[in-house]
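The next block is upload_34.txt, given as compact mmCIF, C-alpha atoms and all ligand atoms.
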```txt
# COMPACT_ATOMS: atom_id res chain seq x y z
CA MET M 26 -21.55 220.20 243.90
CA VAL M 27 -18.42 221.73 245.41
CA SER M 28 -16.22 219.04 246.93
CA GLN M 29 -14.90 219.05 250.45
CA PHE M 30 -11.43 219.34 248.96
CA GLY M 31 -12.42 222.39 246.93
CA LEU M 32 -13.92 224.14 249.95
CA LEU M 33 -10.85 223.49 252.07
CA LEU M 34 -8.46 224.60 249.37
CA ARG M 35 -10.27 227.89 248.88
CA ARG M 36 -10.42 228.49 252.61
CA PHE M 37 -6.70 227.84 253.11
CA ARG M 38 -5.80 229.99 250.11
CA GLN M 39 -7.89 232.88 251.39
CA GLU M 40 -6.46 232.51 254.88
CA ALA M 41 -2.98 232.69 253.37
CA ARG M 42 -4.12 235.84 251.51
CA LEU M 43 -3.05 234.49 248.15
CA THR M 44 -4.75 235.08 244.81
CA LEU M 45 -5.14 232.17 242.40
CA GLU M 46 -2.19 233.50 240.43
CA GLU M 47 0.00 233.86 243.49
CA LEU M 48 -0.73 230.32 244.65
CA SER M 49 -0.07 229.12 241.12
CA ALA M 50 3.32 230.84 241.05
CA ALA M 51 4.26 229.43 244.47
CA SER M 52 3.13 225.86 243.80
CA GLY M 53 3.74 225.41 240.09
CA VAL M 54 0.12 224.24 239.66
CA SER M 55 -1.69 226.23 236.96
CA ALA M 56 -4.22 228.86 238.07
CA ARG M 57 -6.85 227.17 235.95
CA ALA M 58 -6.26 223.82 237.65
CA ILE M 59 -6.50 225.44 241.09
CA SER M 60 -9.70 227.19 240.12
CA ASP M 61 -11.14 223.88 238.81
CA MET M 62 -10.30 222.20 242.10
CA GLU M 63 -11.85 224.96 244.17
CA ARG M 64 -15.05 224.79 242.14
CA GLY M 65 -15.14 221.02 242.44
CA ALA M 66 -14.58 220.44 238.72
CA SER M 67 -11.73 218.15 239.69
CA ARG M 68 -12.44 216.43 242.99
CA GLY M 69 -9.52 214.18 243.73
CA PRO M 70 -6.30 215.74 242.44
CA GLN M 71 -3.12 213.68 242.33
CA ARG M 72 -1.00 213.29 245.40
CA ARG M 73 1.87 215.34 243.95
CA THR M 74 -0.39 218.24 243.12
CA VAL M 75 -1.77 218.26 246.63
CA GLN M 76 1.76 218.09 248.00
CA ALA M 77 2.81 221.13 245.96
CA LEU M 78 -0.23 223.07 247.21
CA VAL M 79 0.36 222.05 250.82
CA GLU M 80 3.93 223.33 250.61
CA ALA M 81 3.02 226.56 248.88
CA LEU M 82 0.28 227.28 251.42
CA GLU M 83 2.65 226.47 254.31
CA LEU M 84 -0.10 224.48 256.06
CA ASP M 85 0.33 223.16 259.59
CA ASP M 86 0.01 219.44 260.34
CA GLY M 87 -3.71 219.51 261.06
CA GLN M 88 -4.53 221.46 257.90
CA ARG M 89 -2.26 219.24 255.85
CA THR M 90 -4.00 216.10 257.09
CA ALA M 91 -7.41 217.60 256.37
CA LEU M 92 -6.50 218.61 252.82
CA THR M 93 -4.71 215.39 251.85
CA GLY M 94 -7.54 213.35 253.40
CA ALA M 95 -10.16 215.27 251.40
CA ALA M 96 -8.15 214.78 248.20
CA LYS M 97 -7.88 211.09 248.83
CA ALA M 98 -11.60 210.76 249.52
CA GLY M 99 -12.30 212.53 246.23
CA ARG M 100 -10.13 210.26 244.09
CA PRO M 101 -12.19 207.65 242.29
CA ARG M 102 -11.84 204.14 243.65
CA PRO M 103 -10.50 201.77 241.04
CA THR M 104 -13.03 199.35 239.65
CA GLY M 105 -12.50 196.56 237.21
CA PRO M 106 -12.26 192.87 236.66
CA ILE M 107 -11.28 190.30 239.28
CA PRO M 108 -7.99 188.45 238.94
CA GLY M 109 -8.08 184.74 238.14
CA SER M 110 -11.36 184.93 236.26
CA CYS M 111 -9.94 185.14 232.73
CA GLU M 112 -11.67 188.51 232.41
CA LEU M 113 -9.91 191.11 230.32
CA PRO M 114 -7.80 193.46 232.40
CA ARG M 115 -8.38 197.21 232.23
CA ALA M 116 -7.59 198.63 228.82
CA VAL M 117 -5.21 201.57 228.50
CA GLY M 118 -7.41 204.68 228.51
CA ASP M 119 -5.14 206.83 226.36
CA PHE M 120 -4.20 204.12 223.87
CA THR M 121 -2.30 205.72 221.01
CA GLY M 122 -1.28 204.63 217.50
CA ARG M 123 -1.09 201.02 216.22
CA ALA M 124 -3.75 201.78 213.61
CA ALA M 125 -2.33 199.37 211.00
CA GLN M 126 -2.15 196.51 213.52
CA LEU M 127 -5.70 197.14 214.70
CA ARG M 128 -6.95 197.15 211.11
CA LEU M 129 -5.16 193.89 210.43
CA LEU M 130 -6.57 192.29 213.59
CA ARG M 131 -10.09 193.37 212.62
CA ARG M 132 -9.67 191.89 209.17
CA LEU M 133 -8.41 188.62 210.65
CA ALA M 134 -11.26 188.59 213.18
CA GLY M 135 -13.74 188.94 210.33
CA GLN M 136 -12.25 185.85 208.71
CA ALA M 137 -12.24 183.69 211.84
CA GLY M 138 -13.97 180.39 211.15
CA THR M 139 -13.50 180.57 207.37
CA PRO M 140 -12.49 177.81 207.34
CA ALA M 141 -10.53 177.63 210.59
CA ALA M 142 -9.85 179.42 213.85
CA THR M 143 -7.59 182.44 213.53
CA VAL M 144 -4.38 182.87 215.47
CA ALA M 145 -2.37 186.10 215.54
CA THR M 146 0.92 186.45 217.40
CA ILE M 147 2.02 189.88 218.61
CA SER M 148 5.75 189.86 219.34
CA GLY M 149 8.37 192.36 220.39
CA THR M 150 10.64 193.39 223.23
CA GLY M 151 9.50 194.08 226.76
CA GLY M 152 7.55 197.30 227.18
CA ILE M 153 6.86 197.70 223.47
CA GLY M 154 3.11 197.47 224.03
CA LYS M 155 2.10 193.90 223.18
CA SER M 156 -0.29 193.41 226.08
CA ALA M 157 -1.70 196.90 225.68
CA LEU M 158 -2.42 196.24 222.00
CA ALA M 159 -3.95 192.81 222.63
CA VAL M 160 -6.28 194.11 225.36
CA HIS M 161 -7.22 197.20 223.37
CA ALA M 162 -7.92 195.05 220.30
CA ALA M 163 -10.12 192.74 222.37
CA GLY M 164 -12.22 195.75 223.34
CA HIS M 165 -12.25 197.09 219.81
CA LEU M 166 -13.43 193.72 218.41
CA ALA M 167 -16.16 193.05 220.97
CA ASP M 168 -18.90 193.20 218.33
CA LEU M 169 -17.40 190.28 216.41
CA PHE M 170 -17.25 187.88 219.35
CA PRO M 171 -20.70 187.47 220.89
CA ASP M 172 -19.66 184.41 222.91
CA GLY M 173 -17.21 186.41 224.98
CA ARG M 174 -13.63 187.52 225.33
CA TYR M 175 -11.15 185.96 227.70
CA PHE M 176 -7.65 186.73 228.85
CA LEU M 177 -5.01 184.46 230.35
CA ASP M 178 -1.50 185.41 231.45
CA LEU M 179 0.76 182.45 230.71
CA ARG M 180 3.57 184.00 232.75
CA GLY M 181 6.18 183.19 230.14
CA MET M 182 8.77 185.39 231.84
CA ASP M 183 8.43 183.73 235.25
CA ALA M 184 10.74 181.05 236.53
CA ALA M 185 7.78 178.68 236.32
CA PRO M 186 5.52 179.57 233.37
CA LEU M 187 1.91 178.39 233.53
CA HIS M 188 1.70 174.73 232.49
CA PRO M 189 -0.62 174.11 229.50
CA ALA M 190 -2.71 171.66 231.56
CA MET M 191 -3.30 174.39 234.12
CA ALA M 192 -4.03 176.94 231.40
CA LEU M 193 -6.61 174.57 229.88
CA SER M 194 -8.26 174.11 233.23
CA ARG M 195 -8.48 177.88 233.79
CA LEU M 196 -9.94 178.43 230.33
CA LEU M 197 -12.47 175.61 230.68
CA LYS M 198 -13.62 177.09 233.97
CA ALA M 199 -13.94 180.52 232.40
CA LEU M 200 -15.91 178.98 229.54
CA GLY M 201 -18.43 177.72 232.10
CA VAL M 202 -17.34 174.12 232.73
CA PRO M 203 -17.90 173.26 236.40
CA GLU M 204 -14.85 172.19 238.38
CA LYS M 205 -15.87 168.53 238.49
CA GLY M 206 -16.47 168.50 234.76
CA ILE M 207 -12.81 169.31 234.05
CA PRO M 208 -10.93 166.11 233.14
CA GLY M 209 -7.77 165.28 235.09
CA ASP M 210 -5.86 164.17 232.03
CA GLU M 211 -4.24 166.89 229.90
CA GLU M 212 -5.17 165.24 226.58
CA GLU M 213 -8.82 164.97 227.63
CA ARG M 214 -8.83 168.57 228.80
CA ALA M 215 -7.50 169.66 225.42
CA GLY M 216 -10.19 167.60 223.70
CA HIS M 217 -12.93 169.17 225.80
CA TYR M 218 -11.53 172.63 225.06
CA ARG M 219 -11.40 171.99 221.30
CA ALA M 220 -14.98 170.74 221.36
CA LEU M 221 -16.18 173.89 223.10
CA MET M 222 -14.19 176.11 220.75
CA ARG M 223 -15.83 174.46 217.75
CA LYS M 224 -19.20 175.81 218.90
CA ARG M 225 -18.32 179.27 220.15
CA ARG M 226 -17.37 182.50 218.58
CA CYS M 227 -15.07 183.90 221.20
CA LEU M 228 -11.80 185.76 221.43
CA ILE M 229 -9.02 184.56 223.70
CA VAL M 230 -5.93 186.59 224.55
CA LEU M 231 -3.00 184.44 225.66
CA ASP M 232 -0.54 186.92 227.11
CA ASN M 233 3.18 186.38 227.81
CA VAL M 234 3.67 183.06 226.08
CA ALA M 235 7.08 181.49 226.76
CA HIS M 236 7.42 179.18 223.77
CA GLU M 237 5.54 177.21 221.14
CA SER M 238 4.96 174.07 223.20
CA GLN M 239 3.32 176.07 225.99
CA VAL M 240 0.69 177.51 223.67
CA ARG M 241 0.15 174.77 221.06
CA PRO M 242 -2.44 172.84 223.14
CA LEU M 243 -4.41 176.09 223.51
CA LEU M 244 -4.79 176.76 219.78
CA PRO M 245 -7.95 175.11 218.47
CA PRO M 246 -7.48 173.66 214.97
CA ASP M 247 -11.00 174.58 213.87
CA GLY M 248 -14.02 176.61 214.92
CA ALA M 249 -14.81 180.30 214.75
CA ALA M 250 -12.67 181.51 217.64
CA MET M 251 -9.81 183.94 217.42
CA ILE M 252 -6.71 183.65 219.56
CA ILE M 253 -4.35 186.57 220.08
CA VAL M 254 -1.01 185.48 221.47
CA THR M 255 1.63 187.85 222.82
CA SER M 256 5.24 186.90 223.37
CA ARG M 257 8.69 188.43 223.62
CA ARG M 258 9.69 185.73 221.12
CA THR M 259 8.47 185.46 217.55
CA LEU M 260 7.26 181.85 218.06
CA ALA M 261 8.29 181.11 214.48
CA GLY M 262 7.60 177.40 215.02
CA LEU M 263 3.80 177.90 215.06
CA GLU M 264 2.22 177.03 211.73
CA GLY M 265 -0.66 178.90 210.07
CA VAL M 266 -0.32 181.85 212.37
CA ARG M 267 -0.36 185.53 211.48
CA GLN M 268 2.76 187.23 212.84
CA ILE M 269 2.45 190.83 214.03
CA PRO M 270 5.86 192.11 215.10
CA LEU M 271 5.70 195.38 217.05
CA ALA M 272 8.15 198.24 216.62
CA PRO M 273 8.38 201.32 218.84
CA LEU M 274 5.78 204.07 218.29
CA SER M 275 6.61 206.74 215.74
CA GLY M 276 8.04 210.00 217.09
CA GLU M 277 4.73 211.67 216.36
CA GLU M 278 2.69 209.01 218.17
CA THR M 279 5.02 209.28 221.15
CA VAL M 280 4.42 213.02 221.32
CA ASP M 281 0.67 212.37 221.05
CA LEU M 282 0.85 209.90 223.93
CA LEU M 283 2.81 212.34 226.10
CA ARG M 284 0.22 214.99 225.37
CA ALA M 285 -2.58 212.60 226.30
CA ILE M 286 -0.90 211.73 229.61
CA VAL M 287 0.08 215.23 230.67
CA GLY M 288 -2.59 217.39 229.05
CA GLU M 289 -2.47 220.07 226.40
CA GLU M 290 -2.21 222.90 228.90
CA ARG M 291 1.27 221.93 229.97
CA THR M 292 2.63 220.42 226.79
CA GLY M 293 1.31 223.02 224.32
CA PRO M 294 3.86 225.74 225.05
CA ASP M 295 6.89 223.43 224.83
CA PRO M 296 6.75 221.30 221.67
CA ALA M 297 10.55 221.10 221.43
CA GLY M 298 10.75 219.69 224.97
CA LEU M 299 8.17 217.03 224.06
CA THR M 300 10.10 216.00 220.99
CA ARG M 301 13.22 215.67 223.10
CA LEU M 302 11.41 213.58 225.70
CA ALA M 303 10.05 211.34 222.95
CA ARG M 304 13.55 210.79 221.58
CA LEU M 305 15.04 210.13 225.01
CA SER M 306 12.37 207.56 225.79
CA GLY M 307 13.33 205.69 222.63
CA ASN M 308 9.65 205.84 221.59
CA LEU M 309 9.25 202.75 223.73
CA PRO M 310 5.75 202.88 225.24
CA LEU M 311 6.78 201.73 228.71
CA ALA M 312 9.47 204.42 228.95
CA VAL M 313 7.05 206.97 227.49
CA ARG M 314 4.46 206.02 230.11
CA ILE M 315 6.90 206.40 232.99
CA VAL M 316 8.28 209.69 231.69
CA GLY M 317 4.77 211.01 231.04
CA ASN M 318 3.54 210.05 234.50
CA ARG M 319 6.62 211.64 236.00
CA LEU M 320 5.90 214.88 234.16
CA GLN M 321 2.26 214.78 235.13
CA SER M 322 3.09 214.37 238.78
CA ARG M 323 5.36 217.43 238.78
CA PRO M 324 3.07 220.35 238.06
CA GLY M 325 5.88 222.88 238.05
CA TRP M 326 8.08 221.21 235.45
CA THR M 327 8.23 221.86 231.73
CA PRO M 328 8.94 219.02 229.29
CA SER M 329 12.31 220.61 228.51
CA GLN M 330 13.36 220.58 232.16
CA LEU M 331 12.46 216.92 232.52
CA ALA M 332 14.27 216.14 229.25
CA GLY M 333 17.41 217.73 230.70
CA ARG M 334 17.18 215.48 233.77
CA LEU M 335 16.51 212.39 231.71
CA ASP M 336 19.48 213.16 229.49
CA ASP M 337 21.76 213.36 232.54
CA GLU M 338 20.35 210.13 233.90
CA GLU M 339 20.92 208.28 230.63
CA ARG M 340 24.49 209.47 230.57
CA ARG M 341 25.00 208.30 234.11
CA LEU M 342 23.60 204.88 233.30
CA GLU M 343 25.56 204.62 230.08
CA ALA M 344 28.60 204.20 232.29
CA LEU M 345 26.96 201.13 233.81
CA ALA M 346 25.83 199.21 230.77
CA ALA M 347 24.63 199.41 227.21
CA GLY M 348 21.09 198.69 226.02
CA ASP M 349 17.62 199.44 227.34
CA LEU M 350 18.84 202.74 228.67
CA ALA M 351 15.61 204.53 227.96
CA VAL M 352 13.61 202.34 230.29
CA ALA M 353 16.30 202.11 232.93
CA ALA M 354 16.74 205.88 233.00
CA ALA M 355 12.99 206.43 233.17
CA PHE M 356 12.71 204.00 236.08
CA ALA M 357 15.65 205.49 237.93
CA LEU M 358 14.43 209.04 237.50
CA SER M 359 10.97 208.25 238.80
CA TYR M 360 12.40 206.22 241.64
CA GLN M 361 14.34 209.25 242.84
CA GLN M 362 11.14 211.21 243.06
CA LEU M 363 9.30 208.78 245.32
CA SER M 364 8.41 209.51 248.91
CA ALA M 365 10.55 207.66 251.45
CA THR M 366 7.71 205.24 252.19
CA ALA M 367 7.06 204.41 248.56
CA ARG M 368 10.78 203.80 248.02
CA LEU M 369 10.90 201.46 250.94
CA VAL M 370 7.90 199.48 249.66
CA PHE M 371 9.33 199.37 246.14
CA ARG M 372 12.70 198.11 247.33
CA ARG M 373 11.29 195.48 249.64
CA LEU M 374 8.85 194.24 247.02
CA ALA M 375 11.62 194.12 244.40
CA LEU M 376 13.74 192.01 246.70
CA ALA M 377 10.83 189.75 247.62
CA ALA M 378 10.24 189.19 243.88
CA ALA M 379 6.61 188.13 244.27
CA PRO M 380 4.86 188.00 240.87
CA ASP M 381 1.96 190.05 242.10
CA PHE M 382 0.77 191.29 245.42
CA GLY M 383 -1.87 193.22 247.29
CA VAL M 384 -1.94 195.64 250.19
CA PRO M 385 -1.47 193.04 252.98
CA LEU M 386 1.88 191.70 251.71
CA SER M 387 3.12 195.22 251.00
CA ALA M 388 2.15 196.32 254.50
CA VAL M 389 4.01 193.41 256.05
CA LEU M 390 7.14 193.95 253.94
CA GLY M 391 7.17 197.69 254.51
CA GLU M 392 6.24 197.36 258.19
CA LEU M 393 3.39 199.78 257.55
CA GLU M 394 -0.28 200.22 258.33
CA PRO M 395 -2.48 198.96 255.47
CA GLU M 396 -3.56 202.52 254.56
CA GLU M 397 0.05 203.67 254.34
CA ALA M 398 0.95 200.67 252.22
CA GLU M 399 -1.97 201.35 249.91
CA ASP M 400 -0.92 204.97 249.50
CA ALA M 401 2.61 203.87 248.67
CA LEU M 402 1.35 201.35 246.10
CA GLU M 403 -0.87 203.96 244.48
CA GLU M 404 2.05 206.37 244.34
CA LEU M 405 4.12 203.71 242.59
CA VAL M 406 1.31 203.12 240.10
CA GLU M 407 0.96 206.85 239.51
CA LEU M 408 4.60 207.05 238.54
CA GLY M 409 4.40 203.96 236.36
CA LEU M 410 6.77 201.91 238.49
CA LEU M 411 4.09 199.35 239.28
CA GLN M 412 1.14 198.21 237.23
CA SER M 413 -2.32 197.53 238.57
CA PRO M 414 -4.16 195.56 235.90
CA TYR M 415 -6.75 194.27 238.37
CA VAL M 416 -8.47 195.91 241.32
CA ALA M 417 -6.28 195.94 244.41
CA ARG M 418 -3.63 193.78 242.75
CA TYR M 419 -0.25 195.20 241.85
CA ARG M 420 2.75 193.88 239.97
CA PHE M 421 6.10 194.91 238.64
CA HIS M 422 6.51 195.22 234.95
CA ASP M 423 8.14 192.03 233.71
CA LEU M 424 11.17 194.07 232.75
CA VAL M 425 11.95 194.57 236.40
CA THR M 426 11.76 190.99 237.53
CA THR M 427 13.41 189.06 234.69
CA SER M 428 17.00 188.90 233.69
CA GLU M 429 16.20 188.96 229.98
CA THR M 430 16.60 192.70 229.81
CA GLU M 431 19.67 192.90 231.93
CA THR M 432 20.09 196.65 232.14
CA VAL M 433 16.72 197.42 233.60
CA ALA M 434 16.79 194.49 235.97
CA ARG M 435 20.25 195.51 237.11
CA VAL M 436 19.40 199.15 237.60
CA ILE M 437 16.34 198.27 239.60
CA ARG M 438 18.33 195.78 241.64
CA GLN M 439 20.88 198.47 242.34
CA LEU M 440 18.14 200.83 243.41
CA ALA M 441 16.64 198.11 245.55
CA GLU M 442 19.93 197.42 247.24
CA LEU M 443 20.70 201.01 248.20
CA PRO M 444 20.87 201.32 251.96
CA GLU M 445 17.53 202.27 253.46
CA ARG M 446 18.37 205.89 254.22
N1 LIG M 501 -0.32 202.08 222.14
C1 LIG M 501 -0.17 202.49 223.41
N2 LIG M 501 -0.76 203.62 223.83
C2 LIG M 501 -0.60 204.03 225.11
N3 LIG M 501 0.13 203.40 226.03
C3 LIG M 501 0.74 202.26 225.67
C4 LIG M 501 0.63 201.74 224.35
N4 LIG M 501 1.35 200.62 224.27
C5 LIG M 501 1.87 200.42 225.49
N5 LIG M 501 1.52 201.40 226.33
C6 LIG M 501 1.95 201.52 227.73
O1 LIG M 501 3.28 201.05 227.83
C7 LIG M 501 3.45 200.19 228.94
C8 LIG M 501 4.03 198.86 228.48
O2 LIG M 501 3.13 198.23 227.61
P1 LIG M 501 2.84 196.67 227.69
O3 LIG M 501 2.73 196.24 229.09
O4 LIG M 501 1.72 196.39 226.78
O5 LIG M 501 4.21 196.08 227.10
P2 LIG M 501 4.52 194.58 226.68
O6 LIG M 501 5.06 194.62 225.30
O7 LIG M 501 3.34 193.73 226.93
O8 LIG M 501 5.71 194.23 227.67
P3 LIG M 501 6.11 192.78 228.27
O9 LIG M 501 6.84 192.03 227.21
O10 LIG M 501 7.03 193.12 229.38
O11 LIG M 501 4.87 192.11 228.71
C9 LIG M 501 2.12 200.10 229.62
O12 LIG M 501 2.15 200.96 230.72
C10 LIG M 501 1.12 200.63 228.63
O13 LIG M 501 0.15 201.38 229.27
MG MG M 502 2.93 192.26 228.30
```
Starting from the file, give its structure as C-alpha cells.
Amino acid sequence: MVSQFGLLLRRFRQEARLTLEELSAASGVSARAISDMERGASRGPQRRTVQALVEALELDDGQRTALTGAAKAGRPRPTGPIPGSCELPRAVGDFTGRAAQLRLLRRLAGQAGTPAATVATISGTGGIGKSALAVHAAGHLADLFPDGRYFLDLRGMDAAPLHPAMALSRLLKALGVPEKGIPGDEEERAGHYRALMRKRRCLIVLDNVAHESQVRPLLPPDGAAMIIVTSRRTLAGLEGVRQIPLAPLSGEETVDLLRAIVGEERTGPDPAGLTRLARLSGNLPLAVRIVGNRLQSRPGWTPSQLAGRLDDEERRLEALAAGDLAVAAAFALSYQQLSATARLVFRRLALAAAPDFGVPLSAVLGELEPEEAEDALEELVELGLLQSPYVARYRFHDLVTTSETETVARVIRQLAELPER
C-alpha cells in the first residue's frame, strides 16, 4: 500500500516539476531513497530526511505541516518493556562484534549450576558497551534459562545507588513474590532470594554496579542461576567470579557498525572516510553510535566530510581538556546540529539532572506542548544524545551526568550553560 507520505511527496515533487534525480541533487537524499518513499517502501522517514526534502521542494507552511505530519504518522511507535518490572530493556538491533565474549558467556551459562551459580562481571569505561553486551547476551542465551531473564539497574553512577535491600525487594517481586510476602528485614529478604534461586534456572543482569558490597547480597552461593554484572570498576574483591574486561571495538568492527547504522548505499563509496571516522571515534561504541546517527541524519554528507568536522571539533576540545575527547567531540558535534527546540530541552534536562524522565517533565522544563516535547526527545534519541531503553522513558547516558569522566561532563555542562539564543 502506498503511504500518505509517499503520495504527498510525489505530488509535491511533480508540482515542483522536479525529477527524482533533480530532487536528489537538491536535497542530498539519494534518488533510490526518494523513490522508495514515494512507493511506500519506507513509510516514516527520519525527521532530518523530511527536513531536507521540505527545503529542497521549497514547500509553504501548509504543505510542510502536511508532509512532516504524514512522516510522523508513518514512523513506527516504539514498543517494548515497561520500566520498573525487571524486564530486559530493548537490545541493540545492530549489535556488532564481541564474538569472543559471547562465546565465553555461553560456555559459562552452560556450566551454571555445576556445582554452583555462575557470576560473570563485565567491566570497562563508560560507553564501552557493557550494558549493550549484557542485554544482547541475555537475548542470545534465552534457550538456556527457561525460568526467565531479569534486568536490574543498580544505578552505581548515581549520587544514591540502589540499596541492596531495595534491589532484593525488586527482584523478589519480579520473581513472583507478592508484596506482602517480601520480608522487611534485609537478611530475611536475602534468604528468601537465595531459596528461590536454588530452584530456578534464570539469568539476572545487574547493570551499573557501584561496588562489591552493593552486589554481594544479590549473588546466590548455589543454584543453577547465572548472574551477569556490569560495572565501570573491575570489582576485584568478588570471589569466584569470571572477569570479562571490555576493550574498544576493533577498527574493522567499528567500520562494520558504522555501515550498519548508516547503510551500505552511503558508506560504500567512501571507505577511507569510514576508517577515519572509526579512528576519530576512538572505536568507543558510544562515540561510534553518536557519530553514526549524526551521519545517518544528514543525507547529504559523506563520511569524509563528517570526519573533517569531527577532527576540527576534537582539536577545539583538546584546548579544553585531555581525555575522553572522542565522546565529547561526538556529543558536541551532534548538539550543534539540533533544532532550537531540541537544544533547549537538552540543556534544561541536563541542568535538572533527573536520572530519567518522560514527556511531561520535558514539556514542563522546555515550556512546550507535550507533542513538541516528544518530538524534541525523539530527535535527541535519533542523534544518540539521549537513550530510550524503555517505552516513553528517556535518560542521559551516564557519561553526561557523572563527574567520573570529567571531559564529557564538562563539555555537556558548557553546552548546557550557553545562553539560550
Ligand atoms: N557491540 C555493540 N554493537 C553496537 N552498538 C553498541 C555495541 N556496544 C555498545 N553499543 C552502543 O554504544 C552505546 C554505549 O553502550 P553501553 O550503554 O552499553 O555502554 P556502557 O559500557 O554500558 O556505558 P556505562 O558505563 O556508561 O553504562 C550504546 O548506544 C550502544 O547502543
Ligand atoms: Mg551501561
Around the point (-0.8, 198.5, 253.8) in the file's coordinates, collect all residues with an atom within 12 Å, using only C-alpha atoms, and return them as a PDB file with C-alpha atoms, in the frame of the given file.
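Now in result16.pdb:
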```
ATOM      1  CA  THR M 366       7.710 205.240 252.190  1.00  0.00           C
ATOM      2  CA  ALA M 367       7.060 204.410 248.560  1.00  0.00           C
ATOM      3  CA  VAL M 370       7.900 199.480 249.660  1.00  0.00           C
ATOM      4  CA  PHE M 382       0.770 191.290 245.420  1.00  0.00           C
ATOM      5  CA  GLY M 383      -1.870 193.220 247.290  1.00  0.00           C
ATOM      6  CA  VAL M 384      -1.940 195.640 250.190  1.00  0.00           C
ATOM      7  CA  PRO M 385      -1.470 193.040 252.980  1.00  0.00           C
ATOM      8  CA  LEU M 386       1.880 191.700 251.710  1.00  0.00           C
ATOM      9  CA  SER M 387       3.120 195.220 251.000  1.00  0.00           C
ATOM     10  CA  ALA M 388       2.150 196.320 254.500  1.00  0.00           C
ATOM     11  CA  VAL M 389       4.010 193.410 256.050  1.00  0.00           C
ATOM     12  CA  LEU M 390       7.140 193.950 253.940  1.00  0.00           C
ATOM     13  CA  GLY M 391       7.170 197.690 254.510  1.00  0.00           C
ATOM     14  CA  GLU M 392       6.240 197.360 258.190  1.00  0.00           C
ATOM     15  CA  LEU M 393       3.390 199.780 257.550  1.00  0.00           C
ATOM     16  CA  GLU M 394      -0.280 200.220 258.330  1.00  0.00           C
ATOM     17  CA  PRO M 395      -2.480 198.960 255.470  1.00  0.00           C
ATOM     18  CA  GLU M 396      -3.560 202.520 254.560  1.00  0.00           C
ATOM     19  CA  GLU M 397       0.050 203.670 254.340  1.00  0.00           C
ATOM     20  CA  ALA M 398       0.950 200.670 252.220  1.00  0.00           C
ATOM     21  CA  GLU M 399      -1.970 201.350 249.910  1.00  0.00           C
ATOM     22  CA  ASP M 400      -0.920 204.970 249.500  1.00  0.00           C
ATOM     23  CA  ALA M 401       2.610 203.870 248.670  1.00  0.00           C
ATOM     24  CA  LEU M 402       1.350 201.350 246.100  1.00  0.00           C
ATOM     25  CA  GLU M 403      -0.870 203.960 244.480  1.00  0.00           C
ATOM     26  CA  ALA M 417      -6.280 195.940 244.410  1.00  0.00           C
TER      27      ALA M 417
END
```
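Atom pair atom CA of Pro380 of chain M / atom CA of Leu411 of chain M has a distance of 11.5 Å (rounded to one decimal).
Here atom O12 of ligand LIG 501 (chain M) and atom CA of Ile315 of chain M stand 7.6 Å from one another.
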Q: Counting only C-alpha atoms and all ligand atoms, name the residues that have an atom within 7 Å of an atom of ligand LIG 501 (chain M); the answer should be given as number ranges by chain.
A: M: 117, 119-123, 149-158, 233, 256-257, 282, 310-311, 314, 409, 422-424
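The shell of residues at most 10 Å from Ala141 of chain M, with all atoms listed in the file counted and near chain neighbours (fewer than 5 positions) removed, consists of Gln136, Arg223, Pro245, Pro246, Asp247, Gly248, Ala249, Ala250, Met251 and Gly265 of chain M.
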Q) Can you list, as a ChimeraX atom specification, every protein, DNA or RNA residue that comes within 8 Å of segment 287-297 of chain M when you count all atoms listed in the file, leaving out same-chain residues fewer than 5 positions away? A) /M:317-318,320-321,327-329
(Q) Restricting the calculation to only C-alpha atoms and all ligand atoms: of M:Leu179, M:Ala41, M:Leu193, M:Leu130, which residue gets closest to ligand MG 502 (chain M)? (A) M:Leu179
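Candidate residues M:Arg323, M:Val234, M:Phe356, M:Asp381 were compared for distance to Tyr415 of chain M, and the nearest is M:Asp381, using only C-alpha atoms.
Atom MG of ligand MG 502 (chain M) sits 15.4 Å away from atom CA of Tyr175 of chain M.
Between ligand MG 502 (chain M) and the residues M:Arg214, M:Arg180, M:Arg372, M:Arg195, the shortest atom-to-atom distance, using all atoms listed in the file, involves M:Arg180.
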Q: Identify, on the basis of all atoms listed in the file, every residue whose closest approach to segment 27-37 of chain M does not exceed 12 Å; exclude the query and any residue fewer than 3 positions from it along the same chain; express the result as a ChimeraX atom specification.
A: /M:40-45,48,58-70,75,78-85,87-100
Q) Nearest to ligand MG 502 (chain M): which of M:Cys111, M:Ala134, M:Ala159, M:Leu331 is it, counting all atoms listed in the file? A) M:Ala159
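You can rank M:Leu166, M:Met222, M:Leu231, M:Val316 by their closest distance to ligand MG 502 (chain M) using all atoms listed in the file, and at the top of that list sits M:Leu231.
For the residues M:Ile252, M:Ala145, M:Val230, M:Ala377, ranking by smallest atom-to-atom distance to ligand MG 502 (chain M) using all atoms listed in the file places M:Val230 first.
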Q. Is there a way to get, as a list in words, all residues within 9 Å of the point (5.6, 175.4, 218.5) in file coordinates, counting all atoms listed in the file?
A. His236, Glu237, Ser238, Gln239, Val240, Arg241, Leu260, Ala261, Gly262, Leu263 and Glu264 of chain M
